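Coordinates as given in data-v5.txt (compact mmCIF, C-alpha atoms):
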```txt
# COMPACT_ATOMS: atom_id res chain seq x y z
CA MET A 1 0.00 0.00 0.00
CA VAL A 2 2.87 2.36 0.79
CA VAL A 3 3.98 2.42 -2.85
CA ASP A 4 0.60 2.11 -4.58
CA VAL A 5 -1.02 4.95 -2.71
CA TRP A 6 1.53 7.45 -4.03
CA MET A 7 0.74 6.79 -7.69
CA PRO A 8 -2.48 8.85 -7.86
CA LEU A 9 -0.64 11.76 -6.24
CA LEU A 10 2.38 11.72 -8.58
CA ILE A 11 0.94 10.52 -11.92
CA PRO A 12 -0.81 13.87 -12.69
CA LEU A 13 2.59 15.57 -12.86
CA LEU A 14 3.35 13.39 -15.89
CA ALA A 15 -0.16 13.04 -17.33
CA VAL A 16 -0.98 16.77 -17.54
CA PRO A 17 1.79 17.72 -20.03
CA LEU A 18 1.02 14.58 -21.99
CA VAL A 19 -2.71 15.27 -22.29
CA ARG A 20 -2.04 18.86 -23.33
CA LEU A 21 0.22 17.70 -26.16
CA LEU A 22 -2.30 15.08 -27.19
CA ALA A 23 -5.20 17.58 -27.16
CA ASP A 24 -3.32 19.93 -29.51
CA ARG A 25 -3.22 17.13 -32.08
CA LEU A 26 -6.95 16.40 -31.91
CA ALA A 27 -10.02 18.16 -33.21
CA PRO A 28 -11.47 20.70 -30.76
CA ARG A 29 -14.45 18.59 -29.71
CA PRO A 30 -12.59 15.36 -28.76
CA ALA A 31 -9.80 17.48 -27.28
CA SER A 32 -12.29 19.15 -24.92
CA TRP A 33 -13.75 15.81 -23.89
CA LEU A 34 -10.26 14.39 -23.34
CA LEU A 35 -9.15 17.27 -21.12
CA ALA A 36 -12.30 17.22 -18.99
CA ALA A 37 -12.37 13.43 -18.62
CA THR A 38 -8.69 13.23 -17.73
CA GLY A 39 -9.07 15.94 -15.11
CA ALA A 40 -12.08 14.19 -13.57
CA LEU A 41 -10.38 10.77 -13.44
CA LEU A 42 -7.08 12.00 -12.04
CA SER A 43 -8.73 14.18 -9.41
CA GLY A 44 -10.98 11.30 -8.34
CA CYS A 45 -7.98 9.01 -7.90
CA THR A 46 -6.25 11.73 -5.90
CA MET A 47 -9.15 11.99 -3.47
CA LEU A 48 -9.25 8.21 -3.09
CA ALA A 49 -5.53 8.11 -2.31
CA LEU A 50 -5.85 10.83 0.33
CA GLY A 51 -8.78 9.01 1.87
CA LEU A 52 -6.82 5.75 2.02
CA LEU A 53 -3.86 7.45 3.66
CA THR A 54 -6.18 8.98 6.23
CA GLY A 55 -7.93 5.67 6.88
CA ALA A 56 -4.64 3.82 7.28
CA GLY A 57 -3.54 6.39 9.83
CA LEU A 58 -6.74 5.92 11.83
CA LEU A 59 -5.80 2.26 12.34
CA ARG A 60 -2.71 3.42 14.22
CA LEU A 61 -4.68 5.28 16.87
CA GLY A 62 -4.78 3.90 20.39
CA PHE A 63 -8.55 3.79 20.78
CA VAL A 64 -8.78 1.60 17.67
CA ALA A 65 -6.41 -0.92 19.25
CA ALA A 66 -8.36 -0.80 22.50
CA ALA A 67 -11.71 -1.24 20.76
CA GLU A 68 -10.49 -4.20 18.69
CA HIS A 69 -8.36 -5.69 21.50
CA LEU A 70 -5.26 -5.61 19.31
CA SER A 71 -1.66 -4.88 20.14
CA PRO A 72 -0.05 -1.68 18.79
CA LEU A 73 2.65 -3.86 17.20
CA LEU A 74 0.03 -5.71 15.16
CA LEU A 75 -1.52 -2.42 14.07
CA ARG A 76 1.86 -1.10 12.94
CA ARG A 77 2.42 -4.23 10.87
CA MET A 78 -1.01 -4.05 9.25
CA SER A 79 -0.86 -0.28 8.66
CA PRO A 80 2.74 0.80 7.94
CA ILE A 81 1.76 4.40 7.05
CA PRO A 82 3.52 6.83 9.44
CA LEU A 83 1.07 8.65 11.65
CA PRO A 84 2.30 12.21 10.76
CA LEU A 85 1.84 11.42 7.07
CA ALA A 86 -1.68 10.18 7.73
CA TRP A 87 -2.52 13.37 9.64
CA ALA A 88 -1.15 15.48 6.77
CA ALA A 89 -3.23 13.48 4.29
CA GLY A 90 -6.32 13.96 6.42
CA LEU A 91 -5.73 17.69 6.59
CA ALA A 92 -5.17 17.88 2.83
CA LEU A 93 -8.33 15.84 2.26
CA ALA A 94 -10.42 18.14 4.43
CA VAL A 95 -9.00 21.30 2.83
CA THR A 96 -9.46 20.07 -0.74
CA ILE A 97 -13.01 18.90 -0.09
CA GLY A 98 -13.83 22.27 1.43
CA LEU A 99 -12.28 24.19 -1.45
CA ALA A 100 -13.95 21.96 -4.04
CA GLY A 101 -17.31 22.48 -2.37
CA TRP A 102 -16.77 26.23 -2.27
CA THR A 103 -15.70 26.30 -5.94
CA LEU A 104 -18.72 24.26 -6.97
CA HIS A 105 -21.06 26.47 -4.96
CA ARG A 106 -19.53 29.67 -6.34
CA ARG A 107 -19.68 28.50 -9.97
CA VAL A 108 -23.23 27.18 -9.75
CA THR A 109 -24.37 30.33 -7.98
CA ALA A 110 -22.75 32.48 -10.67
CA LEU A 111 -24.46 30.48 -13.42
CA LEU A 112 -27.86 30.72 -11.74
CA LEU A 113 -27.40 34.44 -11.14
CA ALA A 114 -26.35 35.03 -14.74
CA ALA A 115 -29.37 33.12 -16.02
CA LYS A 116 -31.67 34.98 -13.64
CA THR A 117 -30.36 38.45 -14.50
CA ALA A 118 -30.15 37.82 -18.25
CA PRO A 119 -32.24 40.34 -20.22
CA SER A 120 -35.55 39.33 -21.74
CA ARG A 121 -35.04 37.27 -24.85
CA ARG A 122 -36.91 36.29 -27.96
CA GLY A 123 -35.92 33.04 -29.56
CA GLY A 124 -32.91 32.71 -27.25
CA LEU A 125 -31.45 36.09 -28.31
CA ALA A 126 -31.30 39.25 -26.21
CA VAL A 127 -30.13 42.58 -27.65
CA LEU A 128 -28.85 45.13 -25.15
CA PRO A 129 -29.06 48.83 -26.05
CA ASP A 130 -25.39 49.50 -25.31
CA ASP A 131 -22.79 51.23 -27.47
CA LEU A 132 -19.99 49.05 -26.07
CA PRO A 133 -19.39 46.08 -28.41
CA ASP A 134 -19.93 42.84 -26.54
CA ALA A 135 -21.47 39.41 -27.05
CA TYR A 136 -21.65 36.36 -24.81
CA ALA A 137 -23.67 33.22 -24.09
CA VAL A 138 -25.36 32.72 -20.72
CA PRO A 139 -25.91 29.03 -19.88
CA GLY A 140 -29.33 27.93 -18.74
CA ARG A 141 -32.43 26.20 -19.96
CA PRO A 142 -32.33 26.78 -22.86
CA GLY A 143 -29.74 29.58 -22.43
CA THR A 144 -29.44 33.06 -23.81
CA VAL A 145 -27.20 34.73 -26.38
CA VAL A 146 -26.65 38.34 -25.38
CA VAL A 147 -25.31 40.87 -27.89
CA THR A 148 -25.11 44.64 -27.64
CA THR A 149 -26.15 47.11 -30.32
CA GLY A 150 -22.54 48.31 -30.42
CA MET A 151 -21.35 44.84 -31.45
CA LEU A 152 -24.10 44.55 -34.06
CA ARG A 153 -23.00 47.84 -35.63
CA ALA A 154 -19.34 46.72 -35.69
CA LEU A 155 -20.13 43.67 -37.85
CA ASP A 156 -21.87 43.19 -41.16
CA ALA A 157 -24.83 40.84 -41.68
CA ARG A 158 -22.81 37.68 -42.40
CA GLU A 159 -20.39 38.34 -39.55
CA ARG A 160 -23.33 38.71 -37.19
CA GLU A 161 -24.54 35.31 -38.30
CA VAL A 162 -21.12 33.88 -37.46
CA LEU A 163 -21.13 35.51 -34.05
CA LEU A 164 -24.56 34.16 -33.14
CA ALA A 165 -23.69 30.69 -34.42
CA HIS A 166 -20.53 30.72 -32.29
CA GLU A 167 -22.40 31.62 -29.12
CA ARG A 168 -25.19 29.13 -29.78
CA ALA A 169 -22.55 26.40 -30.14
CA HIS A 170 -21.43 27.12 -26.57
CA LEU A 171 -24.98 26.61 -25.35
CA SER A 172 -25.78 23.51 -27.37
CA GLY A 173 -22.46 21.89 -26.43
CA ARG A 174 -23.01 22.53 -22.69
CA HIS A 175 -19.52 23.95 -22.48
CA HIS A 176 -20.08 25.37 -19.01
CA TRP A 177 -20.10 21.81 -17.60
CA PHE A 178 -16.65 21.18 -19.07
CA THR A 179 -15.18 24.23 -17.37
CA LEU A 180 -16.96 23.38 -14.12
CA VAL A 181 -15.44 19.88 -14.03
CA VAL A 182 -11.91 21.12 -14.68
CA ASP A 183 -12.21 23.98 -12.20
CA VAL A 184 -13.19 21.56 -9.44
CA ALA A 185 -10.49 19.08 -10.50
CA ALA A 186 -7.87 21.85 -10.36
CA VAL A 187 -8.74 22.41 -6.71
CA LEU A 188 -8.35 18.73 -5.87
CA HIS A 189 -4.84 18.46 -7.39
CA PRO A 190 -2.63 21.51 -8.08
CA ALA A 191 -1.11 19.98 -11.23
CA LEU A 192 -4.54 19.98 -12.89
CA ILE A 193 -4.64 23.79 -12.89
CA ALA A 194 -2.64 23.59 -16.13
CA LEU A 195 -5.70 22.08 -17.85
CA ARG A 196 -7.82 25.23 -17.53
CA ALA A 197 -6.31 27.34 -20.29
CA PRO A 198 -6.10 24.52 -22.88
CA LEU A 199 -9.70 23.55 -22.19
CA ARG A 200 -10.90 27.13 -22.63
CA TYR A 201 -9.03 27.39 -25.92
CA HIS A 202 -10.40 24.12 -27.30
CA LEU A 203 -13.95 25.04 -26.26
CA GLU A 204 -13.63 28.29 -28.21
CA ARG A 205 -12.20 26.36 -31.14
CA TRP A 206 -15.12 23.94 -30.88
CA ALA A 207 -17.53 26.87 -31.18
CA ASP A 208 -15.48 28.34 -34.06
CA GLU A 209 -15.65 25.11 -36.03
CA SER A 210 -19.38 24.78 -35.33
CA ALA A 211 -19.90 28.30 -36.68
CA ALA A 212 -17.78 27.46 -39.74
CA GLY A 213 -19.94 24.43 -40.38
CA ALA A 214 -23.09 26.53 -40.03
CA VAL A 215 -22.07 29.29 -42.46
CA GLY A 216 -19.84 27.16 -44.68
CA ASP A 217 -16.90 29.58 -44.81
CA ARG A 218 -13.90 29.31 -42.48
CA ARG A 219 -12.35 32.57 -43.69
CA LEU A 220 -15.58 34.40 -42.88
CA VAL A 221 -15.53 32.98 -39.36
CA ALA A 222 -11.90 34.05 -38.92
CA ARG A 223 -12.72 37.57 -40.10
CA ALA A 224 -15.78 37.85 -37.86
CA ILE A 225 -13.90 36.66 -34.76
CA ALA A 226 -11.02 39.05 -35.46
CA ARG A 227 -13.29 42.06 -36.03
CA ALA A 228 -15.34 41.30 -32.92
CA ALA A 229 -12.18 41.02 -30.83
CA LEU A 230 -10.79 44.27 -32.23
CA ALA A 231 -14.05 46.09 -31.57
CA GLY A 232 -14.22 44.82 -28.02
CA GLY A 233 -10.54 45.56 -27.40
CA ARG A 234 -10.77 49.16 -28.57
CA SER A 235 -13.78 49.90 -26.38
CA GLY A 236 -12.44 48.07 -23.36
CA SER A 237 -15.65 46.09 -23.11
CA GLY A 238 -15.97 42.79 -21.38
CA SER A 239 -19.11 42.93 -19.29
CA ALA A 240 -19.88 39.21 -19.60
CA PRO A 241 -21.00 37.76 -16.26
CA ALA A 242 -19.12 34.97 -14.55
CA GLY A 243 -19.73 31.64 -16.24
CA ALA A 244 -20.65 33.16 -19.60
CA PHE A 245 -18.77 32.45 -22.83
CA SER A 246 -17.62 35.30 -25.02
CA ALA A 247 -16.65 34.98 -28.67
CA THR A 248 -13.63 37.23 -28.07
CA ALA A 249 -12.23 35.12 -25.21
CA GLY A 250 -9.06 33.08 -25.37
CA PRO A 251 -6.06 33.53 -27.67
CA VAL A 252 -7.86 35.12 -30.64
CA PRO A 253 -4.80 35.24 -32.97
CA ARG A 254 -4.23 31.53 -32.48
CA ARG A 255 -7.89 30.81 -33.14
CA VAL A 256 -7.86 32.91 -36.31
CA ALA A 257 -4.70 31.17 -37.52
CA ALA A 258 -6.31 27.76 -36.94
CA LEU A 259 -9.36 28.80 -38.96
CA LEU A 260 -7.23 30.03 -41.84
CA THR A 261 -5.25 26.79 -41.88
CA ALA A 262 -6.81 23.77 -43.52
CA PRO A 263 -7.53 20.93 -41.08
CA PRO A 264 -4.88 18.17 -41.30
CA THR A 265 -5.94 15.19 -43.39
CA ARG A 266 -3.44 12.78 -41.83
CA ARG A 267 -3.07 11.90 -38.22
CA SER A 268 0.26 12.35 -36.55
CA ARG A 269 2.37 9.23 -36.20
CA LEU A 270 2.95 10.11 -32.57
CA LEU A 271 -0.78 10.15 -31.80
CA PRO A 272 -1.19 6.41 -31.03
CA GLY A 273 1.89 6.35 -28.83
CA MET A 274 0.83 9.46 -26.91
CA ALA A 275 -2.66 8.07 -26.46
CA ALA A 276 -1.26 4.77 -25.17
CA ALA A 277 1.03 6.61 -22.75
CA LEU A 278 -1.88 8.67 -21.42
CA VAL A 279 -4.04 5.59 -20.98
CA ALA A 280 -1.17 3.94 -19.12
CA CYS A 281 -0.85 6.95 -16.80
CA VAL A 282 -4.56 6.96 -15.97
CA ALA A 283 -4.53 3.18 -15.54
CA LEU A 284 -1.55 3.36 -13.18
CA SER A 285 -3.27 6.07 -11.16
CA GLY A 286 -6.51 4.14 -10.86
CA GLY A 287 -4.77 0.81 -10.37
CA GLY A 288 -2.58 2.19 -7.62
CA ALA A 289 -5.60 3.56 -5.80
CA LEU A 290 -7.50 0.28 -6.15
CA ASP A 291 -4.51 -1.78 -5.00
CA ALA A 292 -4.07 0.44 -1.98
CA ALA A 293 -7.76 0.12 -1.18
CA THR A 294 -7.52 -3.67 -1.49
CA ASP A 295 -4.52 -3.74 0.85
CA LEU A 296 -6.30 -1.59 3.42
CA ARG A 297 -9.39 -3.78 3.23
CA GLY A 298 -7.21 -6.87 3.67
CA SER A 299 -5.62 -5.35 6.76
CA MET A 300 -9.03 -4.62 8.26
CA GLU A 301 -10.21 -8.17 7.52
CA ALA A 302 -7.04 -9.57 9.10
CA MET A 303 -7.71 -7.50 12.22
CA GLU A 304 -11.26 -8.84 12.36
CA VAL A 305 -10.06 -12.44 11.99
CA HIS A 306 -7.46 -11.92 14.71
CA ARG A 307 -10.04 -10.46 17.05
CA HIS A 308 -12.49 -13.33 16.49
CA HIS A 309 -9.69 -15.85 16.87
CA ARG A 310 -8.73 -14.49 20.27
CA SER A 311 -12.32 -14.26 21.49
CA GLY A 312 -13.06 -17.70 20.07
CA THR A 313 -10.12 -19.23 21.93
CA ALA A 314 -11.26 -17.73 25.21
CA GLU A 315 -14.78 -18.99 24.69
CA THR A 316 -13.51 -22.49 23.89
CA ILE A 317 -11.45 -22.64 27.11
CA LEU A 318 -14.39 -21.36 29.15
CA ALA A 319 -16.76 -23.86 27.60
CA ALA A 320 -14.37 -26.74 28.23
CA TYR A 321 -13.86 -25.72 31.86
CA THR A 322 -17.59 -25.33 32.42
CA GLY A 323 -18.24 -28.75 30.89
CA ARG A 324 -15.72 -30.46 33.18
CA THR A 325 -17.10 -28.89 36.35
CA ALA A 326 -20.60 -29.81 35.31
CA ALA A 327 -19.48 -33.38 34.76
CA VAL A 328 -18.02 -33.52 38.27
CA ARG A 329 -21.04 -32.09 39.98
CA GLN A 330 -23.72 -34.08 38.16
CA PRO A 331 -23.56 -37.89 38.43
CA THR A 332 -23.92 -39.98 35.34
CA PRO A 333 -26.69 -42.64 35.10
CA SER A 334 -24.18 -45.42 35.77
CA GLN A 335 -23.23 -43.81 39.08
CA ILE A 336 -26.79 -43.90 40.42
CA ARG A 337 -27.41 -46.97 42.67
CA LEU A 338 -30.92 -48.32 42.81
CA PRO A 339 -32.11 -50.27 45.94
CA SER A 340 -32.11 -54.08 45.57
CA PRO A 341 -35.44 -55.96 45.46
CA ALA A 342 -34.63 -57.97 48.60
CA ARG A 343 -34.24 -54.94 50.74
CA THR A 344 -37.50 -53.47 49.56
CA GLN A 345 -39.32 -56.55 50.67
```

Now, as a test, write the supplied structure out as structure tokens.
Amino acid sequence: MVVDVWMPLLIPLLAVPLVRLLADRLAPRPASWLLAATGALLSGCTMLALGLLTGAGLLRLGFVAAAEHLSPLLLRRMSPIPLPLAWAAGLALAVTIGLAGWTLHRRVTALLLAAKTAPSRRGGLAVLPDDLPDAYAVPGRPGTVVVTTGMLRALDAREREVLLAHERAHLSGRHHWFTLVVDVAAVLHPALIALRAPLRYHLERWADESAAGAVGDRRLVARAIARAALAGGRSGSGSAPAGAFSATAGPVPRRVAALLTAPPTRRSRLLPGMAAALVACVALSGGGALDAATDLRGSMEAMEVHRHHRSGTAETILAAYTGRTAAVRQPTPSQIRLPSPARTQ
């Protein structure tokens, strides 16, 4: 257990750079799914490892030995985790759970507030009478695309169509759930913080490609994104609420360059090897956590068997002693003497 339990804590340091390289070689949609799924799996294994370390340390406490009638030496053999390390793991577990709960509460509250305060819409579109160019998508059921009159004036008719298609892609793809998963995962393991920026970029690229498919012109999408970003940058706008997606977010020059470049027709030769390495990392993380859990469960079962063995031995001795004394006190049928017939007469 001592070796296995460290794998979920150390594997993310290797898996995060690997998944980022792999995501850059995939299409935006599978790249977004890969980043979010990897973050969720690695953070879950991390929490399991911290919980196992904490549980193994609890077996070293004195009241556990007293309750199970076990010797401290036996507990040390069954749970070799040093007590200070177990206390540190317990503290880290409590802090990360608290921070994850706070992050989840803050993000969900921001999403609900943004949906509640979104302007009245017609057909999922709300136009704000504001000269500052801005446009963003507010998640909800079904969600709202908010665009200002200043942004509408900065774009022509076809570019407006691109902008609206981009924002609707964020809503239909439920992109806010992707960011929520990675934000919580980043709290559970510090190495997963490096997944936030790549995920945001690939989500924007996902929306860009969806808009290109809707209008049928990648160069038009690149021009619309660039003009919207320039208009928003000059005015210093950026009034999108927390949790909303803006078309001008992320590295816009990189997004424009990707739209102007034809999608690769051949897959990279390194892709299968990188994918296999990432799968191996996730498997090692999960396998280490499961092996550690199995070892801890085996230790607890061994303690239970030892306790029953000791109590069973004492009960056997007591039963044997009680049986012997009963045999001495109570005569057997052969020991009972009946009066002879002659005497009775």

>> Residues near region 248-257 of chain A, anyone? I mean within 10 Å using only C-alpha atoms, not counting same-chain ones fewer than 3 positions away, as a VMD selection string.
In response: chain A and resid 134 to 136 163 197 to 198 200 to 205 208 218 to 219 221 to 233 238 245 260 to 262

> In Å, with one decimal, what is the gap from CA of Leu125 (chain A) to CA of Val181 (chain A)?
Replying inline: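 So the two atoms, CA of Leu125 (chain A) and CA of Val181 (chain A), lie 26.9 Å apart.
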
>> Here is a test: counting all atoms listed in the file, which residue of A:Phe178, A:Ala247, A:Ala92, A:Ala185 is nearest to Ala165 (chain A)?
In response: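 So, comparing all the options, the nearest one is A:Ala247.
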
> Of the candidates A:Leu271, A:Val282, A:Ile193, A:Gly101, which one gets nearest to Leu22 (chain A) if we count only C-alpha atoms?
Replying inline: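 Closest residue, counting only C-alpha atoms: A:Leu271.
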
>> Between A:Pro82, A:Ile11, A:Arg29, A:His176, which residue has the minimum interatomic distance to Thr54 (chain A), considering all atoms listed in the file?
In response: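 Using all atoms listed in the file, Thr54 (chain A) sits closest to A:Pro82.
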
> When you draw a straight line from CA of Asp4 (chain A) to CA of Ile97 (chain A), how long is it in Å?
Replying inline: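 The value is 22.1 Å.
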
> Which residue, A:Val5, A:Leu14, A:Pro133, A:Thr38, has the smallest gap to Ala86 (chain A) when you use all atoms listed in the file?
Replying inline: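 Looking only at the distances to Ala86 (chain A), the closest residue turns out to be A:Val5.
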
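Within 9 Å of the point (-17.6, 41.5, -45.8), counting all atoms listed in the file, the protein and nucleic acid residues come to Leu155, Asp156, Ala157, Arg158, Glu159, Leu220, Arg223 and Ala224 of chain A.
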
Selection to disk with C-alpha atoms, as an mmCIF file, in the frame of the given file:
```cif
data_model
loop_
_atom_site.group_PDB
_atom_site.id
_atom_site.type_symbol
_atom_site.label_atom_id
_atom_site.label_comp_id
_atom_site.auth_asym_id
_atom_site.auth_seq_id
_atom_site.Cartn_x
_atom_site.Cartn_y
_atom_site.Cartn_z
ATOM 1 C CA LEU A 155 -20.130 43.670 -37.850
ATOM 2 C CA ASP A 156 -21.870 43.190 -41.160
ATOM 3 C CA ALA A 157 -24.830 40.840 -41.680
ATOM 4 C CA ARG A 158 -22.810 37.680 -42.400
ATOM 5 C CA GLU A 159 -20.390 38.340 -39.550
ATOM 6 C CA LEU A 220 -15.580 34.400 -42.880
ATOM 7 C CA ARG A 223 -12.720 37.570 -40.100
ATOM 8 C CA ALA A 224 -15.780 37.850 -37.860
#
```

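Residues near the point (-2.1, 8.5, 7.7), at a distance of 9 Å or less over all atoms listed in the file, make up Leu50, Gly51, Leu52, Leu53, Thr54, Gly55, Ala56, Gly57, Leu58, Leu59, Arg60, Ser79, Ile81, Pro82, Leu83, Pro84, Leu85, Ala86, Trp87, Ala88, Ala89 and Gly90 of chain A.
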
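A straight line drawn from CA of Cys45 (chain A) to CA of Arg25 (chain A) is 25.9 Å long.
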
> Which is closest to Ala27 (chain A) among A:Gly143, A:Gly273, A:Pro263, A:Gly287, if we use all atoms listed in the file?
Replying inline: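 The answer is A:Pro263, which sits nearest to Ala27 (chain A).
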
> When distances are computed from only C-alpha atoms, which of A:Pro17, A:Gly140, A:Pro30, A:Pro12 shows the smallest separation from Met274 (chain A)?
Replying inline: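 The shortest atom-to-atom distance to Met274 (chain A) comes from A:Pro17.
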
Set the distance at 7 Å and use only C-alpha atoms: which residues neighbour Thr144 (chain A) once local chain neighbours fewer than 3 positions away are removed? I'd like the list as a PDB file with C-alpha atoms, in the frame of the given file.
```
ATOM      1  CA  GLY A 124     -32.910  32.710 -27.250  1.00  0.00           C
ATOM      2  CA  LEU A 125     -31.450  36.090 -28.310  1.00  0.00           C
ATOM      3  CA  ALA A 126     -31.300  39.250 -26.210  1.00  0.00           C
ATOM      4  CA  ALA A 137     -23.670  33.220 -24.090  1.00  0.00           C
ATOM      5  CA  VAL A 138     -25.360  32.720 -20.720  1.00  0.00           C
ATOM      6  CA  PRO A 139     -25.910  29.030 -19.880  1.00  0.00           C
TER       7      PRO A 139
END
```

Starting from the incomplete input, reconstruct N, CA and C atoms of region 32-48 of chain A and write that as a CSV table (one decimal), keeping the file's coordinate frame.
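The resulting file, out_39.csv, is shown below:
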```csv
chain,number,residue,atom,x,y,z
A,32,SER,N,-11.6,18.7,-26.1
A,32,SER,CA,-12.3,19.2,-24.9
A,32,SER,C,-12.8,18.0,-24.0
A,33,TRP,N,-13.3,17.0,-24.7
A,33,TRP,CA,-13.8,15.8,-23.9
A,33,TRP,C,-12.6,15.1,-23.2
A,34,LEU,N,-11.4,15.0,-23.9
A,34,LEU,CA,-10.3,14.4,-23.3
A,34,LEU,C,-9.7,15.2,-22.1
A,35,LEU,N,-9.7,16.5,-22.2
A,35,LEU,CA,-9.2,17.3,-21.1
A,35,LEU,C,-10.1,17.2,-19.9
A,36,ALA,N,-11.4,17.3,-20.1
A,36,ALA,CA,-12.3,17.2,-19.0
A,36,ALA,C,-12.3,15.8,-18.4
A,37,ALA,N,-12.3,14.8,-19.2
A,37,ALA,CA,-12.4,13.4,-18.6
A,37,ALA,C,-11.1,13.1,-17.9
A,38,THR,N,-10.0,13.5,-18.4
A,38,THR,CA,-8.7,13.2,-17.7
A,38,THR,C,-8.6,14.0,-16.4
A,39,GLY,N,-9.1,15.2,-16.4
A,39,GLY,CA,-9.1,15.9,-15.1
A,39,GLY,C,-10.0,15.3,-14.1
A,40,ALA,N,-11.1,14.8,-14.5
A,40,ALA,CA,-12.1,14.2,-13.6
A,40,ALA,C,-11.5,12.9,-13.0
A,41,LEU,N,-10.9,12.1,-13.9
A,41,LEU,CA,-10.4,10.8,-13.4
A,41,LEU,C,-9.2,10.9,-12.5
A,42,LEU,N,-8.3,11.8,-12.9
A,42,LEU,CA,-7.1,12.0,-12.0
A,42,LEU,C,-7.4,12.6,-10.7
A,43,SER,N,-8.3,13.6,-10.7
A,43,SER,CA,-8.7,14.2,-9.4
A,43,SER,C,-9.5,13.2,-8.5
A,44,GLY,N,-10.3,12.3,-9.1
A,44,GLY,CA,-11.0,11.3,-8.3
A,44,GLY,C,-10.0,10.3,-7.7
A,45,CYS,N,-9.0,9.9,-8.5
A,45,CYS,CA,-8.0,9.0,-7.9
A,45,CYS,C,-7.2,9.7,-6.8
A,46,THR,N,-7.0,11.0,-6.9
A,46,THR,CA,-6.2,11.7,-5.9
A,46,THR,C,-7.0,11.7,-4.6
A,47,MET,N,-8.3,12.0,-4.7
A,47,MET,CA,-9.2,12.0,-3.5
A,47,MET,C,-9.2,10.6,-2.8
A,48,LEU,N,-9.2,9.6,-3.6
A,48,LEU,CA,-9.2,8.2,-3.1
A,48,LEU,C,-7.9,7.9,-2.4
```
